[in-house]
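protein_24.csv (CSV, C-alpha atoms)
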```csv
chain,number,residue,atom,x,y,z
A,1,MET,CA,0.0,0.0,0.0
A,2,ARG,CA,1.3,3.4,-0.9
A,3,PRO,CA,0.2,6.6,1.0
A,4,ALA,CA,-0.1,9.9,-0.8
A,5,GLU,CA,3.1,11.9,-1.2
A,6,ARG,CA,1.5,14.9,0.6
A,7,THR,CA,1.5,13.0,4.0
A,8,LYS,CA,5.3,13.0,3.8
A,9,ARG,CA,5.4,16.8,4.0
A,10,ILE,CA,4.1,16.9,7.6
A,11,LYS,CA,5.4,15.7,10.9
A,12,PRO,CA,3.3,13.8,13.5
A,13,TYR,CA,1.0,16.2,15.3
A,14,LEU,CA,2.7,17.7,18.3
A,15,PHE,CA,0.0,16.9,20.8
A,16,ALA,CA,-0.3,13.3,19.6
A,17,ARG,CA,3.4,13.0,20.4
A,18,LEU,CA,2.9,14.5,23.8
A,19,ASP,CA,0.1,12.0,24.5
A,20,GLU,CA,2.5,9.2,23.5
A,21,LEU,CA,5.2,10.5,25.9
A,22,LYS,CA,2.7,10.7,28.7
A,23,ARG,CA,1.5,7.2,28.0
A,24,GLU,CA,5.1,5.8,28.1
A,25,ALA,CA,5.9,7.6,31.4
A,26,THR,CA,2.6,6.4,33.0
A,27,GLU,CA,3.4,2.8,32.0
A,28,ARG,CA,6.7,3.3,33.9
A,29,GLY,CA,4.7,4.1,37.0
A,30,VAL,CA,5.1,7.9,36.9
A,31,ARG,CA,2.2,10.1,37.9
A,32,VAL,CA,2.6,12.7,35.2
A,33,ILE,CA,1.7,16.3,35.9
A,34,ASP,CA,0.5,17.2,32.4
A,35,PHE,CA,1.0,20.9,31.3
A,36,GLY,CA,1.1,19.8,27.7
A,37,LYS,CA,-2.3,20.1,26.0
A,38,GLY,CA,-4.5,23.2,26.2
A,39,ASP,CA,-7.8,21.4,27.0
A,40,PRO,CA,-9.9,23.0,29.7
A,41,ASP,CA,-10.4,20.8,32.7
A,42,GLN,CA,-13.6,22.5,33.8
A,43,PRO,CA,-16.9,21.0,32.6
A,44,THR,CA,-19.2,22.7,30.1
A,45,PRO,CA,-21.7,24.9,31.9
A,46,GLU,CA,-24.8,22.9,32.9
A,47,HIS,CA,-27.3,25.2,31.0
A,48,ILE,CA,-25.5,24.5,27.8
A,49,VAL,CA,-25.4,20.7,28.4
A,50,GLY,CA,-29.1,20.9,29.3
A,51,ARG,CA,-30.0,22.6,26.1
A,52,LEU,CA,-28.1,19.9,24.2
A,53,LYS,CA,-30.0,17.1,26.0
A,54,ARG,CA,-33.3,18.7,25.1
A,55,ALA,CA,-32.4,19.4,21.5
A,56,ALA,CA,-31.1,15.9,20.9
A,57,SER,CA,-34.6,14.6,21.2
A,58,ASN,CA,-35.9,17.0,18.4
A,59,PRO,CA,-36.4,15.0,15.2
A,60,ARG,CA,-35.5,18.2,13.3
A,61,TYR,CA,-31.8,17.5,14.2
A,62,HIS,CA,-31.8,13.8,13.2
A,63,ARG,CA,-31.4,14.8,9.6
A,64,TYR,CA,-28.7,16.7,7.7
A,65,PRO,CA,-28.2,20.3,8.9
A,66,PRO,CA,-28.0,23.2,6.5
A,67,TYR,CA,-24.5,23.3,5.1
A,68,ALA,CA,-23.7,26.8,6.3
A,69,GLY,CA,-25.2,26.2,9.7
A,70,LEU,CA,-28.5,26.7,11.4
A,71,PRO,CA,-29.9,30.2,10.6
A,72,GLU,CA,-30.7,30.6,14.3
A,73,LEU,CA,-27.0,30.0,15.2
A,74,LYS,CA,-25.8,32.4,12.5
A,75,GLU,CA,-28.1,35.1,13.9
A,76,ALA,CA,-26.9,34.4,17.4
A,77,ALA,CA,-23.3,34.7,16.3
A,78,ALA,CA,-24.0,38.0,14.5
A,79,ASP,CA,-25.9,39.3,17.6
A,80,TYR,CA,-23.0,38.3,19.8
A,81,TYR,CA,-20.5,40.1,17.7
A,82,ARG,CA,-22.7,43.2,17.7
A,83,ARG,CA,-23.0,43.2,21.5
A,84,ARG,CA,-19.4,42.2,22.3
A,85,PHE,CA,-17.3,43.9,19.6
A,86,GLY,CA,-19.6,46.5,18.1
A,87,VAL,CA,-19.4,44.7,14.7
A,88,GLU,CA,-22.4,44.4,12.4
A,89,LEU,CA,-22.6,41.1,10.5
A,90,ASP,CA,-25.1,39.9,7.9
A,91,PRO,CA,-25.9,36.4,9.3
A,92,GLU,CA,-26.7,35.0,5.9
A,93,ARG,CA,-23.6,36.2,4.0
A,94,GLU,CA,-21.0,36.9,6.6
A,95,VAL,CA,-21.3,34.0,9.1
A,96,LEU,CA,-20.4,30.4,8.5
A,97,VAL,CA,-20.8,27.7,11.1
A,98,LEU,CA,-17.7,25.5,11.6
A,99,ILE,CA,-17.1,22.0,13.1
A,100,GLY,CA,-14.6,23.7,15.4
A,101,SER,CA,-12.1,26.4,14.3
A,102,LYS,CA,-9.4,23.8,13.4
A,103,GLU,CA,-11.6,22.6,10.6
A,104,GLY,CA,-12.5,26.1,9.5
A,105,LEU,CA,-8.8,27.3,9.4
A,106,THR,CA,-8.0,24.2,7.4
A,107,HIS,CA,-10.7,24.9,4.8
A,108,LEU,CA,-9.7,28.5,4.6
A,109,ILE,CA,-6.1,27.6,3.8
A,110,TRP,CA,-7.3,25.0,1.2
A,111,ALA,CA,-9.7,27.5,-0.4
A,112,TYR,CA,-7.0,30.2,-0.9
A,113,THR,CA,-3.7,28.4,-1.4
A,114,ASN,CA,-2.4,27.2,-4.8
A,115,GLU,CA,0.6,24.9,-5.3
A,116,GLY,CA,3.7,26.9,-4.5
A,117,ASP,CA,2.0,29.9,-3.0
A,118,PRO,CA,3.7,31.5,0.0
A,119,VAL,CA,1.3,31.8,3.0
A,120,LEU,CA,2.3,34.3,5.7
A,121,LEU,CA,2.2,32.6,9.0
A,122,PRO,CA,3.4,33.6,12.5
A,123,ASP,CA,6.2,31.7,14.1
A,124,PRO,CA,5.8,30.4,16.8
A,125,ALA,CA,2.2,29.4,16.0
A,126,TYR,CA,-0.5,26.7,16.3
A,127,PRO,CA,1.0,23.9,14.3
A,128,VAL,CA,-2.1,23.3,12.2
A,129,TYR,CA,-1.4,26.4,10.0
A,130,GLU,CA,1.9,25.1,8.7
A,131,ALA,CA,0.7,21.6,8.3
A,132,GLN,CA,-2.3,22.5,6.2
A,133,VAL,CA,-0.2,24.8,4.0
A,134,LEU,CA,2.2,22.0,3.4
A,135,LEU,CA,-0.5,19.5,2.7
A,136,ILE,CA,-2.1,21.7,0.0
A,137,GLY,CA,1.3,22.2,-1.6
A,138,GLY,CA,1.9,25.8,-0.5
A,139,ARG,CA,4.9,27.2,1.2
A,140,PRO,CA,4.9,28.5,4.8
A,141,SER,CA,6.4,32.0,4.8
A,142,THR,CA,7.0,32.6,8.5
A,143,ILE,CA,7.0,35.9,10.4
A,144,PRO,CA,9.2,35.6,13.5
A,145,LEU,CA,7.5,36.7,16.7
A,146,LEU,CA,10.2,37.8,19.2
A,147,MET,CA,10.1,38.5,22.9
A,148,GLU,CA,11.7,41.9,22.4
A,149,ASN,CA,8.7,42.9,20.2
A,150,ASP,CA,6.2,41.4,22.6
A,151,PHE,CA,5.6,38.6,20.1
A,152,VAL,CA,3.9,41.0,17.7
A,153,PRO,CA,5.0,40.8,14.0
A,154,ASP,CA,6.9,43.6,12.4
A,155,LEU,CA,4.8,44.0,9.3
A,156,ALA,CA,7.4,46.4,7.8
A,157,ALA,CA,10.0,43.7,7.9
A,158,ILE,CA,8.0,41.3,5.8
A,159,ASN,CA,9.5,40.8,2.3
A,160,PRO,CA,7.3,42.8,-0.1
A,161,GLY,CA,7.7,40.3,-2.8
A,162,GLU,CA,6.6,37.5,-0.6
A,163,ALA,CA,3.6,39.6,0.6
A,164,GLN,CA,2.6,40.4,-3.0
A,165,ARG,CA,2.6,36.7,-4.0
A,166,ALA,CA,0.8,35.5,-0.8
A,167,PRO,CA,-2.9,34.9,-1.0
A,168,LEU,CA,-3.4,34.7,2.8
A,169,MET,CA,-1.9,35.9,6.1
A,170,ILE,CA,-2.9,34.4,9.4
A,171,VAL,CA,-2.5,36.1,12.8
A,172,ASN,CA,-3.7,34.8,16.1
A,173,TYR,CA,-4.4,37.2,19.0
A,174,PRO,CA,-4.6,36.5,21.8
A,175,HIS,CA,-1.7,34.3,20.8
A,176,ASN,CA,-1.1,30.6,21.2
A,177,PRO,CA,1.5,29.7,22.4
A,178,THR,CA,3.0,32.9,23.9
A,179,GLY,CA,-0.1,34.5,25.5
A,180,ALA,CA,0.7,37.8,23.7
A,181,VAL,CA,-2.0,40.4,23.0
A,182,VAL,CA,-2.5,43.3,20.7
A,183,ASP,CA,-4.6,46.4,20.6
A,184,GLN,CA,-6.8,47.8,17.8
A,185,ALA,CA,-3.9,49.7,16.4
A,186,PHE,CA,-2.1,46.5,15.4
A,187,PHE,CA,-5.2,45.3,13.6
A,188,ARG,CA,-5.5,48.7,11.7
A,189,ASP,CA,-1.9,48.1,10.5
A,190,ALA,CA,-2.6,44.5,9.6
A,191,VAL,CA,-5.8,45.5,7.6
A,192,GLY,CA,-3.8,48.2,5.8
A,193,PHE,CA,-1.1,45.6,5.0
A,194,ALA,CA,-3.8,43.2,3.6
A,195,HIS,CA,-5.2,46.0,1.4
A,196,LYS,CA,-1.8,47.0,0.1
A,197,HIS,CA,-0.9,43.4,-0.9
A,198,ASP,CA,-4.4,42.3,-1.9
A,199,LEU,CA,-4.4,39.3,0.4
A,200,VAL,CA,-6.9,37.7,2.8
A,201,LEU,CA,-6.2,38.5,6.5
A,202,CYS,CA,-7.5,35.9,9.1
A,203,ASN,CA,-7.4,36.4,12.8
A,204,ASP,CA,-7.6,33.1,14.7
A,205,PHE,CA,-9.7,34.3,17.7
A,206,ALA,CA,-9.8,31.0,19.7
A,207,TYR,CA,-8.8,32.8,22.9
A,208,ALA,CA,-10.9,35.9,22.5
A,209,GLU,CA,-12.5,35.6,25.9
A,210,THR,CA,-9.6,34.2,28.0
A,211,THR,CA,-8.2,37.5,29.2
A,212,PHE,CA,-7.0,39.0,32.5
A,213,ASP,CA,-6.1,42.2,34.3
A,214,GLY,CA,-8.8,44.3,32.6
A,215,TYR,CA,-7.6,43.5,29.1
A,216,ARG,CA,-10.4,43.0,26.5
A,217,ALA,CA,-9.4,41.5,23.2
A,218,PRO,CA,-10.4,43.5,20.1
A,219,SER,CA,-11.8,41.9,17.0
A,220,VAL,CA,-10.0,42.5,13.7
A,221,LEU,CA,-13.5,43.2,12.2
A,222,SER,CA,-13.9,46.3,14.5
A,223,VAL,CA,-11.3,48.1,12.2
A,224,GLU,CA,-12.6,50.3,9.4
A,225,GLY,CA,-12.2,48.5,6.0
A,226,SER,CA,-11.6,45.1,7.6
A,227,LYS,CA,-14.6,43.4,6.0
A,228,GLU,CA,-13.2,44.2,2.6
A,229,CYS,CA,-10.2,41.8,3.3
A,230,ALA,CA,-10.5,40.1,6.6
A,231,VAL,CA,-12.2,37.1,8.3
A,232,GLU,CA,-12.1,35.9,11.9
A,233,SER,CA,-12.4,32.4,13.3
A,234,TYR,CA,-14.2,32.3,16.6
A,235,SER,CA,-14.3,29.1,18.6
A,236,LEU,CA,-16.6,28.1,21.5
A,237,SER,CA,-14.0,25.5,22.6
A,238,LYS,CA,-11.9,27.5,25.1
A,239,PRO,CA,-14.3,30.2,26.5
A,240,PHE,CA,-17.2,27.8,27.1
A,241,ASN,CA,-15.1,24.6,28.0
A,242,MET,CA,-16.5,23.0,24.9
A,243,THR,CA,-13.4,21.5,23.2
A,244,GLY,CA,-15.0,18.1,22.6
A,245,TRP,CA,-18.1,19.6,21.1
A,246,ARG,CA,-16.4,20.9,17.9
A,247,ILE,CA,-18.3,24.1,17.2
A,248,GLY,CA,-17.3,27.6,16.1
A,249,PHE,CA,-17.9,30.0,13.2
A,250,LEU,CA,-16.0,32.0,10.6
A,251,VAL,CA,-17.1,35.6,10.2
A,252,GLY,CA,-16.3,38.6,8.0
A,253,ASN,CA,-15.7,39.1,4.2
A,254,ALA,CA,-18.7,37.7,2.4
A,255,GLY,CA,-16.6,36.5,-0.6
A,256,VAL,CA,-14.2,34.6,1.6
A,257,ILE,CA,-17.2,33.1,3.6
A,258,ALA,CA,-18.7,31.9,0.3
A,259,GLU,CA,-15.5,30.3,-1.0
A,260,VAL,CA,-14.9,28.5,2.3
A,261,GLY,CA,-18.5,27.5,2.4
A,262,LYS,CA,-18.3,26.1,-1.1
A,263,LEU,CA,-15.3,23.9,-0.2
A,264,LYS,CA,-16.9,22.8,3.1
A,265,SER,CA,-20.1,21.7,1.4
A,266,ASN,CA,-17.9,19.3,-0.6
A,267,MET,CA,-16.0,18.1,2.4
A,268,ASP,CA,-18.5,17.7,5.3
A,269,SER,CA,-22.2,17.8,6.0
A,270,GLY,CA,-22.2,20.3,8.9
A,271,GLN,CA,-22.3,19.8,12.7
A,272,PHE,CA,-25.1,18.0,14.5
A,273,GLY,CA,-28.0,20.4,14.9
A,274,ALA,CA,-28.4,19.8,18.6
A,275,ILE,CA,-24.8,20.9,19.2
A,276,GLN,CA,-25.6,24.0,17.2
A,277,GLU,CA,-28.6,24.7,19.4
A,278,ALA,CA,-26.4,24.3,22.5
A,279,ALA,CA,-24.0,26.9,20.9
A,280,ILE,CA,-27.0,29.3,20.6
A,281,GLU,CA,-27.6,28.8,24.4
A,282,ALA,CA,-23.9,29.6,25.1
A,283,LEU,CA,-23.9,32.8,23.1
A,284,THR,CA,-27.2,34.1,24.3
A,285,ASN,CA,-27.5,33.2,28.0
A,286,ASP,CA,-25.2,35.6,29.8
A,287,PRO,CA,-21.9,34.4,28.3
A,288,GLN,CA,-19.9,37.0,30.2
A,289,ARG,CA,-20.8,35.2,33.5
A,290,VAL,CA,-19.2,32.0,32.0
A,291,PHE,CA,-16.1,33.8,30.9
A,292,ASP,CA,-15.6,35.6,34.2
A,293,ARG,CA,-15.9,32.3,36.2
A,294,ALA,CA,-13.4,30.5,34.0
A,295,ASN,CA,-11.0,33.5,33.9
A,296,GLN,CA,-10.9,33.7,37.7
A,297,VAL,CA,-9.7,30.1,37.7
A,298,TYR,CA,-7.0,30.7,35.1
A,299,ALA,CA,-5.8,33.9,36.7
A,300,ARG,CA,-5.4,32.1,40.0
A,301,ARG,CA,-3.4,29.3,38.3
A,302,ARG,CA,-1.3,31.8,36.3
A,303,ASP,CA,-0.4,33.6,39.6
A,304,MET,CA,0.6,30.3,41.2
A,305,VAL,CA,2.9,29.4,38.3
A,306,LEU,CA,4.4,32.9,37.8
A,307,LYS,CA,5.1,33.2,41.6
A,308,THR,CA,7.2,30.0,41.4
A,309,LEU,CA,9.0,31.0,38.2
A,310,ALA,CA,9.9,34.3,39.8
A,311,GLU,CA,11.2,32.5,42.9
A,312,LEU,CA,13.4,30.4,40.7
A,313,GLN,CA,14.5,33.4,38.6
A,314,LEU,CA,13.1,31.9,35.4
A,315,GLU,CA,11.9,34.3,32.7
A,316,ALA,CA,8.5,34.0,31.2
A,317,ALA,CA,6.4,36.1,28.7
A,318,ASP,CA,3.9,38.6,30.0
A,319,MET,CA,0.5,36.9,30.3
A,320,LYS,CA,-2.7,38.9,29.9
A,321,ALA,CA,-4.6,36.3,27.9
A,322,THR,CA,-4.9,32.6,27.0
A,323,PHE,CA,-4.1,29.9,29.6
A,324,TYR,CA,-0.5,29.4,28.6
A,325,THR,CA,2.8,30.3,30.2
A,326,TRP,CA,5.6,30.7,27.7
A,327,LEU,CA,8.8,29.9,29.6
A,328,VAL,CA,12.4,30.6,28.6
A,329,VAL,CA,14.4,27.4,29.0
A,330,PRO,CA,17.4,27.6,31.3
A,331,ASP,CA,20.9,27.9,30.0
A,332,GLY,CA,22.4,24.7,28.6
A,333,HIS,CA,19.1,23.4,27.3
A,334,THR,CA,17.2,23.3,24.1
A,335,SER,CA,13.4,23.2,24.1
A,336,GLU,CA,13.3,19.5,23.7
A,337,SER,CA,16.1,18.6,26.1
A,338,PHE,CA,14.5,20.7,28.9
A,339,ALA,CA,11.1,19.2,28.2
A,340,MET,CA,12.5,15.6,28.2
A,341,ASP,CA,14.6,16.3,31.3
A,342,LEU,CA,11.6,17.6,33.2
A,343,LEU,CA,9.6,14.5,32.2
A,344,GLU,CA,12.3,12.0,33.1
A,345,LYS,CA,13.4,13.5,36.4
A,346,GLU,CA,10.1,15.0,37.8
A,347,GLY,CA,7.3,13.6,35.7
A,348,ILE,CA,6.4,17.1,34.5
A,349,LEU,CA,5.1,17.2,30.9
A,350,VAL,CA,5.4,20.5,29.0
A,351,ALA,CA,5.3,21.3,25.3
A,352,PRO,CA,8.7,22.1,23.7
A,353,GLY,CA,8.6,25.4,22.0
A,354,ASN,CA,10.2,24.3,18.8
A,355,GLY,CA,7.1,22.2,18.1
A,356,TYR,CA,5.4,25.6,17.3
A,357,GLY,CA,8.1,26.7,14.8
A,358,ALA,CA,11.7,27.6,14.6
A,359,ALA,CA,11.2,30.8,16.6
A,360,GLY,CA,9.8,28.8,19.4
A,361,GLU,CA,13.2,27.2,20.1
A,362,GLY,CA,14.4,28.2,23.6
A,363,TYR,CA,11.0,28.1,25.1
A,364,VAL,CA,8.5,25.6,26.5
A,365,ARG,CA,4.7,26.1,26.9
A,366,LEU,CA,2.8,25.2,30.1
A,367,ALA,CA,-1.0,24.9,29.8
A,368,LEU,CA,-2.9,25.8,32.9
A,369,THR,CA,-5.7,23.4,32.2
A,370,LEU,CA,-5.3,21.0,35.1
A,371,PRO,CA,-6.6,21.2,38.6
A,372,ASP,CA,-5.1,23.6,41.1
A,373,GLU,CA,-3.8,20.7,43.2
A,374,ASP,CA,-1.9,19.3,40.2
A,375,ILE,CA,-0.5,22.8,39.4
A,376,ASP,CA,0.7,23.1,43.0
A,377,GLU,CA,2.3,19.6,42.8
A,378,GLY,CA,3.9,20.6,39.5
A,379,MET,CA,5.4,23.7,41.0
A,380,LYS,CA,6.8,21.7,44.0
A,381,ARG,CA,8.4,19.3,41.5
A,382,LEU,CA,9.8,22.3,39.5
A,383,ARG,CA,11.4,23.7,42.6
A,384,ARG,CA,12.9,20.4,43.4
A,385,TYR,CA,14.3,20.1,39.9
A,386,PHE,CA,16.2,23.4,40.2
A,387,VAL,CA,17.4,22.9,43.8
A,388,ARG,CA,18.6,19.3,43.5
```
Would you write out, as structure tokens, the structure that this file holds?
Amino acid sequence: MRPAERTKRIKPYLFARLDELKREATERGVRVIDFGKGDPDQPTPEHIVGRLKRAASNPRYHRYPPYAGLPELKEAAADYYRRRFGVELDPEREVLVLIGSKEGLTHLIWAYTNEGDPVLLPDPAYPVYEAQVLLIGGRPSTIPLLMENDFVPDLAAINPGEAQRAPLMIVNYPHNPTGAVVDQAFFRDAVGFAHKHDLVLCNDFAYAETTFDGYRAPSVLSVEGSKECAVESYSLSKPFNMTGWRIGFLVGNAGVIAEVGKLKSNMDSGQFGAIQEAAIEALTNDPQRVFDRANQVYARRRDMVLKTLAELQLEAADMKATFYTWLVVPDGHTSESFAMDLLEKEGILVAPGNGYGAAGEGYVRLALTLPDEDIDEGMKRLRRYFVR
């Protein structure tokens, strides 16, 4: 049997490899403290679960859903963007329901990338961007995100020739894996850049609501002229503790929405209608209350971790959003050697930064999506690692 050549272009998915390392350590009898995967440990709020249970009995949802999503969910998404970001959206033309943002970003890349095209991607970044560009036969053209620039791209430093050839640029703020944030001024610059080079700008907005210390993440679509060139991928996974539900939406430029929708209709048949109805419940029933409750938990955990790192004189990125700590590895280590040493000596699993791109070398990512008692145990082990 002969697999397609395209599968040789990509590496095994980072988080699948982390799962394998955890399994191997567990089989050796180690109780692993897992800071590896960003998967909320809190349950989905009960009012959302209850809506799913009721909706699952509705025969309407036992047949294929509309390809672009339930009209009611598209309207709820548009109403949410109006309330939260001051952005007006046409539910019919400017909202597309996704089976999670990973799927939507994949289909966006496939809809706009031809063989050999450069695609402007941040580095470090969510590994799915690069993998999908490679699978479709495009060429990742990476923009290094550096600590000295607060992990914000220097748009002026991007090669103009590359930008002119690129059909698409992806940004991701609040940012995974660094936790970096931007203000509306950055999005104005990014929209101007997209207009200048006639490319599609996409903001991966998966961490829109996971913010701290009074910071409120802006939408790229709140910038004047953005709907002429930009889309935004919004996920319910992180803010509503719904990673397993696989639901989100793409919003913005109507032409891009139509192209991605055309591709999706040939690739999938939409998300189960009862899950879409539960998403309506999430977006319309006091969502800020849900965000505030989750963010209090993450802020407390962040403070636990940052306090320990400060005691150990370890450097980490500023963290006003996401639930990730981006830690500079100690002298004498690479990202992978430090991660493997922590796992071998203390049973602490972290994600090596080079798994997010070349500019991630020299860092590891800690996800704060495990119970407080495990974080406390992990910090005790980290102190022991450095004072042995």
Nearby residues (all atoms listed in the file) at most 10 Å from A:Glu88, same-chain spacing under 2 positions excluded, as a ChimeraX atom specification: /A:78-83,85-86,90-91,94,221-222,252
For the selection you just gave me, I'd like the residues written to a file as an mmCIF file, in the frame of the given file, keeping C-alpha atoms.
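Here's the written file out38.cif:
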```
data_model
loop_
_atom_site.group_PDB
_atom_site.id
_atom_site.type_symbol
_atom_site.label_atom_id
_atom_site.label_comp_id
_atom_site.auth_asym_id
_atom_site.auth_seq_id
_atom_site.Cartn_x
_atom_site.Cartn_y
_atom_site.Cartn_z
ATOM 1 C CA ALA A 78 -24.000 38.000 14.500
ATOM 2 C CA ASP A 79 -25.900 39.300 17.600
ATOM 3 C CA TYR A 80 -23.000 38.300 19.800
ATOM 4 C CA TYR A 81 -20.500 40.100 17.700
ATOM 5 C CA ARG A 82 -22.700 43.200 17.700
ATOM 6 C CA ARG A 83 -23.000 43.200 21.500
ATOM 7 C CA PHE A 85 -17.300 43.900 19.600
ATOM 8 C CA GLY A 86 -19.600 46.500 18.100
ATOM 9 C CA ASP A 90 -25.100 39.900 7.900
ATOM 10 C CA PRO A 91 -25.900 36.400 9.300
ATOM 11 C CA GLU A 94 -21.000 36.900 6.600
ATOM 12 C CA LEU A 221 -13.500 43.200 12.200
ATOM 13 C CA SER A 222 -13.900 46.300 14.500
ATOM 14 C CA GLY A 252 -16.300 38.600 8.000
#
```
Separation of atom CA of A:Asp372 from atom CA of A:Glu24, in Å and rounded to one decimal: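 These atoms are spaced 24.3 Å apart.
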Need the shell around stretch 169-186 of chain A: protein/DNA/RNA residues with any atom at most 8 Å away, counting all atoms listed in the file. Skip same-chain ones fewer than 6 positions apart. Format as a PDB file with C-alpha atoms, in the coordinates of the input?
```
ATOM      1  CA  VAL A 119       1.300  31.800   3.000  1.00  0.00           C
ATOM      2  CA  LEU A 120       2.300  34.300   5.700  1.00  0.00           C
ATOM      3  CA  LEU A 121       2.200  32.600   9.000  1.00  0.00           C
ATOM      4  CA  PRO A 122       3.400  33.600  12.500  1.00  0.00           C
ATOM      5  CA  PRO A 124       5.800  30.400  16.800  1.00  0.00           C
ATOM      6  CA  ALA A 125       2.200  29.400  16.000  1.00  0.00           C
ATOM      7  CA  TYR A 126      -0.500  26.700  16.300  1.00  0.00           C
ATOM      8  CA  ASP A 150       6.200  41.400  22.600  1.00  0.00           C
ATOM      9  CA  PHE A 151       5.600  38.600  20.100  1.00  0.00           C
ATOM     10  CA  VAL A 152       3.900  41.000  17.700  1.00  0.00           C
ATOM     11  CA  ALA A 194      -3.800  43.200   3.600  1.00  0.00           C
ATOM     12  CA  LEU A 199      -4.400  39.300   0.400  1.00  0.00           C
ATOM     13  CA  VAL A 200      -6.900  37.700   2.800  1.00  0.00           C
ATOM     14  CA  LEU A 201      -6.200  38.500   6.500  1.00  0.00           C
ATOM     15  CA  CYS A 202      -7.500  35.900   9.100  1.00  0.00           C
ATOM     16  CA  ASN A 203      -7.400  36.400  12.800  1.00  0.00           C
ATOM     17  CA  ASP A 204      -7.600  33.100  14.700  1.00  0.00           C
ATOM     18  CA  PHE A 205      -9.700  34.300  17.700  1.00  0.00           C
ATOM     19  CA  ALA A 206      -9.800  31.000  19.700  1.00  0.00           C
ATOM     20  CA  TYR A 207      -8.800  32.800  22.900  1.00  0.00           C
ATOM     21  CA  ALA A 208     -10.900  35.900  22.500  1.00  0.00           C
ATOM     22  CA  ALA A 217      -9.400  41.500  23.200  1.00  0.00           C
ATOM     23  CA  PRO A 218     -10.400  43.500  20.100  1.00  0.00           C
ATOM     24  CA  SER A 219     -11.800  41.900  17.000  1.00  0.00           C
ATOM     25  CA  VAL A 220     -10.000  42.500  13.700  1.00  0.00           C
ATOM     26  CA  SER A 222     -13.900  46.300  14.500  1.00  0.00           C
ATOM     27  CA  VAL A 223     -11.300  48.100  12.200  1.00  0.00           C
ATOM     28  CA  ALA A 317       6.400  36.100  28.700  1.00  0.00           C
ATOM     29  CA  ASP A 318       3.900  38.600  30.000  1.00  0.00           C
ATOM     30  CA  MET A 319       0.500  36.900  30.300  1.00  0.00           C
ATOM     31  CA  LYS A 320      -2.700  38.900  29.900  1.00  0.00           C
ATOM     32  CA  ALA A 321      -4.600  36.300  27.900  1.00  0.00           C
ATOM     33  CA  THR A 322      -4.900  32.600  27.000  1.00  0.00           C
ATOM     34  CA  PHE A 323      -4.100  29.900  29.600  1.00  0.00           C
ATOM     35  CA  TYR A 324      -0.500  29.400  28.600  1.00  0.00           C
ATOM     36  CA  THR A 325       2.800  30.300  30.200  1.00  0.00           C
ATOM     37  CA  TRP A 326       5.600  30.700  27.700  1.00  0.00           C
ATOM     38  CA  TYR A 356       5.400  25.600  17.300  1.00  0.00           C
ATOM     39  CA  ARG A 365       4.700  26.100  26.900  1.00  0.00           C
TER      40      ARG A 365
END
```
Test item: residues at most 12 Å from A:Asp331, all atoms listed in the file, excluding those fewer than 3 positions along its chain, as a list in words: Leu314, Glu315, Val328, Thr334, Ser335, Ser337, Phe338, Gly362 and Tyr363 of chain A
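Distances from A:Ser57, A:Thr210, A:Asn295, A:Thr26 to A:Glu277 were compared using all atoms listed in the file, and the smallest one belongs to A:Ser57.
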Separation of atom CA of A:Arg246 from atom CA of A:Ser101 in Å: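 Going from atom CA of A:Ser101 over to atom CA of A:Arg246, I get 7.9 Å.
Comparing A:Arg381, A:His333, A:Lys238, A:Arg293 by their smallest distance to A:Gly100, the closest is A:Lys238 (using all atoms listed in the file).
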Sphere at (-3.1, 35.6, 36.9), radius 8 Å, counting all atoms listed in the file: residues as a list in words: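 Here the neighbourhood of the point contains Phe212, Asp213, Tyr298, Ala299, Arg300, Arg301, Arg302, Asp303, Met304, Met319 and Lys320 of chain A.
Closest approach to A:Gly355 from the set A:Leu108, A:Ala339, A:Ile143, A:Leu73 is made by A:Ala339, with distances taken over all atoms listed in the file.
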Proximity to A:Lys345 - best of A:Lys307, A:Trp245, A:Pro330, A:Tyr385, only C-alpha atoms: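 Distance minimum relative to A:Lys345 lands on A:Tyr385.
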Residue nearest A:Arg60 - candidates A:Ile158, A:Leu370, A:Ala274, A:Leu382, atoms counted: all atoms listed in the file: A:Ala274
Test item: residues at most 9 Å from stretch 285-288 of chain A, all atoms listed in the file, excluding those fewer than 2 positions along its chain, as a list in words: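 My list of contacting residues is His47, Ile48, Glu209, Pro239, Phe240, Ile280, Glu281, Ala282, Leu283, Val290, Phe291, Asp292 and Arg293 of chain A.
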Test item: residues at most 8 Å from A:Leu98, only C-alpha atoms, excluding those fewer than 4 positions along its chain, as a PyMOL selection string: chain A and resi 69+103-104+246-250+270-271
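If you measure from each of A:Glu228, A:Asn241, A:Phe35, A:Met147 to A:Ile375 using all atoms listed in the file, the closest one turns out to be A:Phe35.
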Neighbour residues at most 10 Å from (-27.7, 20.7, 4.3) (all atoms listed in the file) as a ChimeraX atom specification: /A:63-70,265,268-270
d(atom CA of A:Ala358, atom CA of A:Arg216) in Å: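 These two atoms are separated by 29.4 Å.
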